[in-house]
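Below is one structure, written out as structure tokens, with a few remarks after it.
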2 protein chains.
Amino acid sequence: MPPHPLPSKTDALTRRYGPEAVPAAGPWNDVVAHLLDHRSVRGYRSDPLPAGTLETLVAAAQSAATSSNMQTWSVVAVTDPALKAAFAQIAAKQKHIEQCPLFLVWVADLSRAERLGKAEGTPLEALPYLETFLVASIDAALAAQNAVVAAESFGLSTVYIGALRNDVEAVARHLALPPGSFGVFGLCVGYADPAAVSEVKPRLPQAAILHHDRYAPRDETVHRAVYDRALSEFSRRHEMAQYSWTERVITRLGKAASLQGRDRLRGALAALGLPLR
Amino acid sequence: MPPHPLPSKTDALTRRYGPEAVPAAGPWNDVVAHLLDHRSVRGYRSDPLPAGTLETLVAAAQSAATSSNMQTWSVVAVTDPALKAAFAQIAAKQKHIEQCPLFLVWVADLSRAERLGKAEGTPLEALPYLETFLVASIDAALAAQNAVVAAESFGLSTVYIGALRNDVEAVARHLALPPGSFGVFGLCVGYADPAAVSEVKPRLPQAAILHHDRYAPRDETVHRAVYDRALSEFSRRHEMAQYSWTERVITRLGKAASLQGRDRLRGALAALGLPLR
């Protein structure tokens, strides 16, 4: 359980949605309180993790569902300071990658199945397809999320590093990844620097993302205005600059250049043996 | 917590890896015991869920990390029997989709950002890229996995339905999904039919999927032989036919035809306004 006491149901829902959009949630327990209390942390103490922590996190990760039990993912546990420095550089200088004692790179890995096919004398026709790539990427995500839940239950903090995709070829070189695999994202794991722990970040109202039987967006501009206010308040208290959610989405998606190299992802994956047919 | 007692650390690890490959896991608590106890369930009672369960699961889902807080996913809660029957048909007649009281379709959703851009008079250049599609699909997976953890903590069972991708265009029609969005996978939620609950399914030894600082597969054929034995035993006890993991992977990936329509996924996504540039 986290180092601070778990919030009550009302507190947890109010923090997550703001006082204007608390949903009518039903059943509640400590596991759910713990899930709602998640926050991404971008500053770490250098303290090492207790012995066997990595193996516990990986056991949690492998316990997530995996499509047809194919287990098309791997994970590289990075502790080498030179490697962490290289990944921080690729990820637009996110210093927490160097600070955290354990940096996990989650790998969508079709290379293991390819080796299996070769060893058995049976080439696997389905490997080059977009579908198989997507299965591997999704299964890596399900596994990683279980590791996050486990880590936070021990009072550890985490943050996903999607910016590893700024240069998937460089990541593959650094980790000696074989063709047919790529680093989907990184994950910092460690004890939070208390100065880096913020409040729980509010999310869109449930009415904006939850539909019943058919997709039917209603009152989206109203929901967005409510949420823009909540996120402006949050960013004013916790970040360098105050911004609304609308501004944030436009900054992040307005220009192809804001993808920071990830606009070249498709070609880079093809070069790594993932043609996404 | 699940309806049955949580396993001890030794029992949980032995069930998950088989007696020949128990990893040297460290820290342990009830949350982790609960994660390791996961099993996918393919048979449900018709009992309804307690009031507010859906809203609690969605609150857990929205508490997962999301890339740059963009929240590029939605979820459609399906309870209409006609819709569930249609989805069961798409998913190669998986009857549990019709049995379960709640079927969640997790949607990678770039359409909300597109509407935001239009409302603000700013077209979003980054939307048509593979990177943005991947962010949406991964964030839907992280969210769904939190919902699974929450559901299981209430004694509910789940199973992911990747076979919705057999025909993503039909799914989009049934749910009236707008261009720029697609159903990544489904998720059955409900109370397990006791006859449908199997043991925990063993996974590959940690040595086969966990690497340190560099990807370096070692003794893969040995690990695979150990695992083939474990999965043969498991399938003999719990499934129609006995099979090894090696046989399973070859069946699933050997022929493009075994993708059951998902070999056309790339074209189908383009037709749904997701060009994956």
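Numbering starts fresh at 1 for the residues of each chain in the structure tokens, the chains themselves are lettered A, B, ... in the order given, and ligands are numbered from 1 as they appear.
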
>> Can you tell me which residues surround segment 220-224 of chain A at a distance of at most 12 Å, considering only C-alpha atoms, apart from same-chain residues fewer than 4 positions away, and format the answer as a PyMOL selection string?
In response: (chain A and resi 17-18+20-21+203-210+216+228-232+244-247+249) or (chain B and resi 111-113+115-120)

>> Give me the residues near segment 174-178 of chain B as an MDAnalysis selection string, where near means some atom within 7 Å (using only C-alpha atoms) and where sequence neighbours in that chain fewer than 5 positions away do not count.
In response: (chainID A and resid 213:215) or (chainID B and resid 111)

> as a count of residues only, which residues of segment 41-218 of chain B does DSSP assign to strand (DSSP E or B)?
Replying inline: 35

>> Between atom CA of Arg277 of chain A and atom CA of Thr251 of chain B, what distance in Å does the model show, to one decimal?
In response: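 So the two atoms, atom CA of Arg277 of chain A and atom CA of Thr251 of chain B, lie 19.7 Å apart.
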
> So which residues touch segment 44-51 of chain A within 12 Å, counting only C-alpha atoms, skipping near sequence neighbours fewer than 3 positions away, as a PyMOL selection string?
Replying inline: (chain A and resi 40-41+54-57+79+81+94-103+151+154-159+188-197) or (chain B and resi 24-28)

>> Report as an NGL selection string all protein, DNA and RNA residues lying within 12 Å of Ala257 of chain B, evaluated on only C-alpha atoms, omitting residues in the same chain fewer than 6 positions from it.
In response: (:A and (124-127 or 129)) or (:B and (166 or 251 or 263-264))

> Can you tell me, as a PyMOL selection string, what residues are no more than 10 Å from Ser67 of chain A when counting only C-alpha atoms, ignoring any on the same chain fewer than 6 positions away?
Replying inline: (chain A and resi 132+135-136+138-139) or (chain B and resi 160-163)

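Separating atom CA of Tyr243 of chain A from atom CA of Ala225 of chain A is a distance of 12.6 Å.
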
>> If I take atom CA of Met70 of chain A and atom CA of Ile90 of chain B, how far is one from the other in Å, to one decimal?
In response: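 Calculated distance between atom CA of Met70 of chain A and atom CA of Ile90 of chain B is 21.4 Å.
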
>> as a ChimeraX atom specification, please: the residues near segment 144-150 of chain B (cut-off 10 Å, only C-alpha atoms, same-chain neighbours under 4 positions excluded).
In response: /A:27-36,64-65,141-146,148-149 /B:1,31,34-35,38,53-54,56-65,75,104-106,138-140,154-160,185-189

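When only C-alpha atoms are used to compute distances to Ser258 of chain B, the closest of the residues B:Gly183, B:Val76, B:Ala92, B:Ala85 turns out to be B:Ala92.
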
>> Which residue is closest to chain B? Choose from A:Gly254, A:Gly121, A:Pro7, A:Gly180 and count only C-alpha atoms.
In response: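 Of A:Gly254, A:Gly121, A:Pro7, A:Gly180, the one nearest chain B is A:Gly254, counting only C-alpha atoms.
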